[in-house]
Structure formats: structure tokens, C-alpha cells
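Novice: Got a structure for you, questions after.
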Amino acid sequence: MKFSFAIQKMGKGEMAIARGHNCRTHPTRSQLDQGAWFSEQGSGYVVKWNDSKVKLAEELARRKDAVVGIEFVVQVGNQTDWRDPPSAEHPEGKPKPISRELRQGMCLAVKEWAENTFGAENVVGIHLHLDESTPHFHAVVTPIKDGKLQAKAWLNGGASVAALRRSCHA
């Protein structure tokens, strides 16, 4: 299956927006009608959002534009892997069932990758969205290393970003 991996550096305000979207504290434009969801709940957490980790990162910020969080969106497969072709009854395509084993395996893999790469102490939250066109994860971490905000420790040019993508894919 295809593998998609997106990265966003976030400041203070963007962390609050990510929390709302990832934790589903309000409806979002990307949500489909409930009949098109992959589960009744539509989303869930692998690691529950931790505001105290965000607060710590914000306290470490020395500049207004400091990177206090990094969000990774991880998607395995594309819409044709997860949905039947569109029909009158299901304009987005009827969702294909996802086995419990596959869902748990993907959740565990993303969690292990984030914790091994950034340290469990830096994982703010990992959420699985099942209410959009394809199932995907939002993993948010704080870039704290040696007691300082150091986004460049992980995001220092194309080679380091490619290495992150490869490690997550593996």
C-alpha cells in the first residue's frame, strides 16, 4: 500500500488548533457524514493529548515564533484501498471493514515509532481519524532535547526529514 507522511512545525497557536482538530473538540471540514465513517466513534486516541507537555514546551520557548510542536500525519494506503468505488448510496465510497488486528497493529506501530524517535516524554498525543476519506494518524510531539526546544535535532534539512519518513515507514 501507498504510504503518506506529512510534517508541520507548530507554534503556540497552531498547537491549540491541532488539539481541537485531532481530539475532535469541534466538527472539522474534513469530516464526512457519519454514514461514511470507518467506525461509529469516527476517531480515537492511541496516546491521549497531554496539555502539560505542550505547556512545558511553551515555557521553554525563547522566541515568539519558536517551534513548540511538530505534527506528523501518517496514512497507509489511499482511498481505493479503504473504500469501494463511489455509488449513489455512498458518494465517498462505502468504507471497507478494518479488522481489529490491523487497526491495533497500525496504532502500535505509530506509537512505537513516535516514542522511539522523540521519546515518550515528548509525545503530546496520537490520534486515529476514521471519519475522513481514509484512516490516518495525527502524532504531535514536542521537540525537546537536553532540556531545550530543538526542532532542528529532528528537522534539519531534507536528509533528516527523509530519514524520519523512512523510519516511520519501516
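Chain labels A, B, ... are given in the sequence in which chains occur in the C-alpha cells; within each chain residues are numbered consecutively from 1, and ligands are likewise numbered from 1 in the order shown.
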Restrict the calculation to only C-alpha atoms, then for each residue of range 126-149 of chain A with any atom at most 8 Å from an atom of range 104-121 of chain A give the closest atom pair and their distance in Å to one decimal, rows by chain and rising residue number, as a tab-separated table.
Specialist:
residue	atom	partner	partner_atom	distance
A:Ile126	CA	A:Lys111	CA	7.2
A:Leu128	CA	A:Cys107	CA	7.7
A:Phe137	CA	A:Val110	CA	7.9
A:Ala139	CA	A:Ala114	CA	7.4
A:Val141	CA	A:Phe118	CA	7.2
A:Pro143	CA	A:Phe118	CA	7.4
Novice: Those residues with C-alpha atoms, as a PDB file, in the first residue's frame please?
Specialist:
ATOM      1  CA  ILE A 126      -1.518  10.368  18.827  1.00  0.00           C
ATOM      2  CA  LEU A 128      -6.533   7.915  14.731  1.00  0.00           C
ATOM      3  CA  PHE A 137      -2.945   9.206  12.337  1.00  0.00           C
ATOM      4  CA  ALA A 139       1.025  12.326  16.013  1.00  0.00           C
ATOM      5  CA  VAL A 141       5.415  15.759  19.652  1.00  0.00           C
ATOM      6  CA  PRO A 143      10.905  18.910  20.082  1.00  0.00           C
TER       7      PRO A 143
END
Novice: Write out as a tab-separated table a residue-level contact list of range 63-135 of chain A versus range 38-42 of chain A with cut-off 10 Å: for each qualifying residue the closest pair of atoms and the distance in Å to one decimal, counting only C-alpha atoms, rows sorted by chain and residue number upward.
Specialist:
residue	atom	partner	partner_atom	distance
A:Trp82	CA	A:Phe38	CA	9.0
A:Arg83	CA	A:Phe38	CA	9.4
A:Lys94	CA	A:Phe38	CA	9.0
A:Pro95	CA	A:Phe38	CA	5.8
A:Lys96	CA	A:Phe38	CA	7.5
A:Pro97	CA	A:Phe38	CA	7.1
A:Ile98	CA	A:Phe38	CA	7.5
A:Leu128	CA	A:Gly42	CA	8.6
A:His129	CA	A:Gly42	CA	6.3
A:Leu130	CA	A:Gly42	CA	4.7
A:Asp131	CA	A:Gly42	CA	4.4
A:Glu132	CA	A:Gly42	CA	8.2
A:Ser133	CA	A:Phe38	CA	9.1
A:Thr134	CA	A:Phe38	CA	8.6
A:Pro135	CA	A:Phe38	CA	7.7
Novice: Enter the distance from CA of Val54 in chain A to CA of Ala6 in chain A, in Å, rounded to one decimal.
Specialist: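 Interatomic distance, CA of Val54 in chain A to CA of Ala6 in chain A: 20.4 Å.
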Novice: Between CA of Gly69 in chain A and CA of Arg103 in chain A, what is the spacing in Å?
Specialist: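 Computed distance, CA of Arg103 in chain A to CA of Gly69 in chain A, equals 25.7 Å.
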Novice: Interatomic distance between CA of Ser52 in chain A and CA of Gly147 in chain A?
Specialist: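 So the answer is 15.1 Å.
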Novice: Return the single residue from A:Arg100, A:Val140, A:Gln75, A:Leu32 that is closest to His127 in chain A, with distances computed using only C-alpha atoms.
Specialist: A:Val140
Novice: Lys64 in chain A: which residues within 12 Å, counting only C-alpha atoms, same-chain residues fewer than 6 positions away excluded, as number ranges by chain?
Specialist: A: 10-13, 58
Novice: As a PyMOL selection string, list the residues of chain A assigned to strand (DSSP E or B) by DSSP on the backbone atoms of this structure.
Specialist: chain A and resi 3-10+43-47+69-76+83+95+123-129+136-141+144-145+148-149
Novice: Could you list, as a count of residues only, every residue within 12 Å of range 66-68 of chain A, counting only C-alpha atoms and ignoring same-chain residues fewer than 3 positions away?
Specialist: 37
Novice: Which of range 66-108 of chain A end up as alpha helix (DSSP H) when DSSP is run on this backbone - answer as a list of chain:residue names?
Specialist: A:Gln79, A:Thr80, A:Asp81, A:Trp82, A:Arg100, A:Glu101, A:Leu102, A:Arg103, A:Gln104, A:Gly105, A:Met106, A:Cys107, A:Leu108
Novice: Go through A:Lys2, A:Val47, A:Ala18, A:Ala36 and flag the residue nearest Asp81 in chain A, using only C-alpha atoms for the distances.
Specialist: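 Ranked by minimum distance to Asp81 in chain A, first place goes to A:Lys2.
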Novice: Under the rule that only C-alpha atoms are counted, which of A:Gly77, A:Pro85, A:Gly158, A:Gly44 is the nearest residue to Ile7 in chain A?
Specialist: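 The closest residue to Ile7 in chain A is A:Gly158.
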Novice: Hey, which of A:Ile17, A:Ala88, A:Val46, A:Val74 ends up closest to His138 in chain A? Count only C-alpha atoms.
Specialist: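 Answer, going by the shortest atom-to-atom distance: A:Val74.
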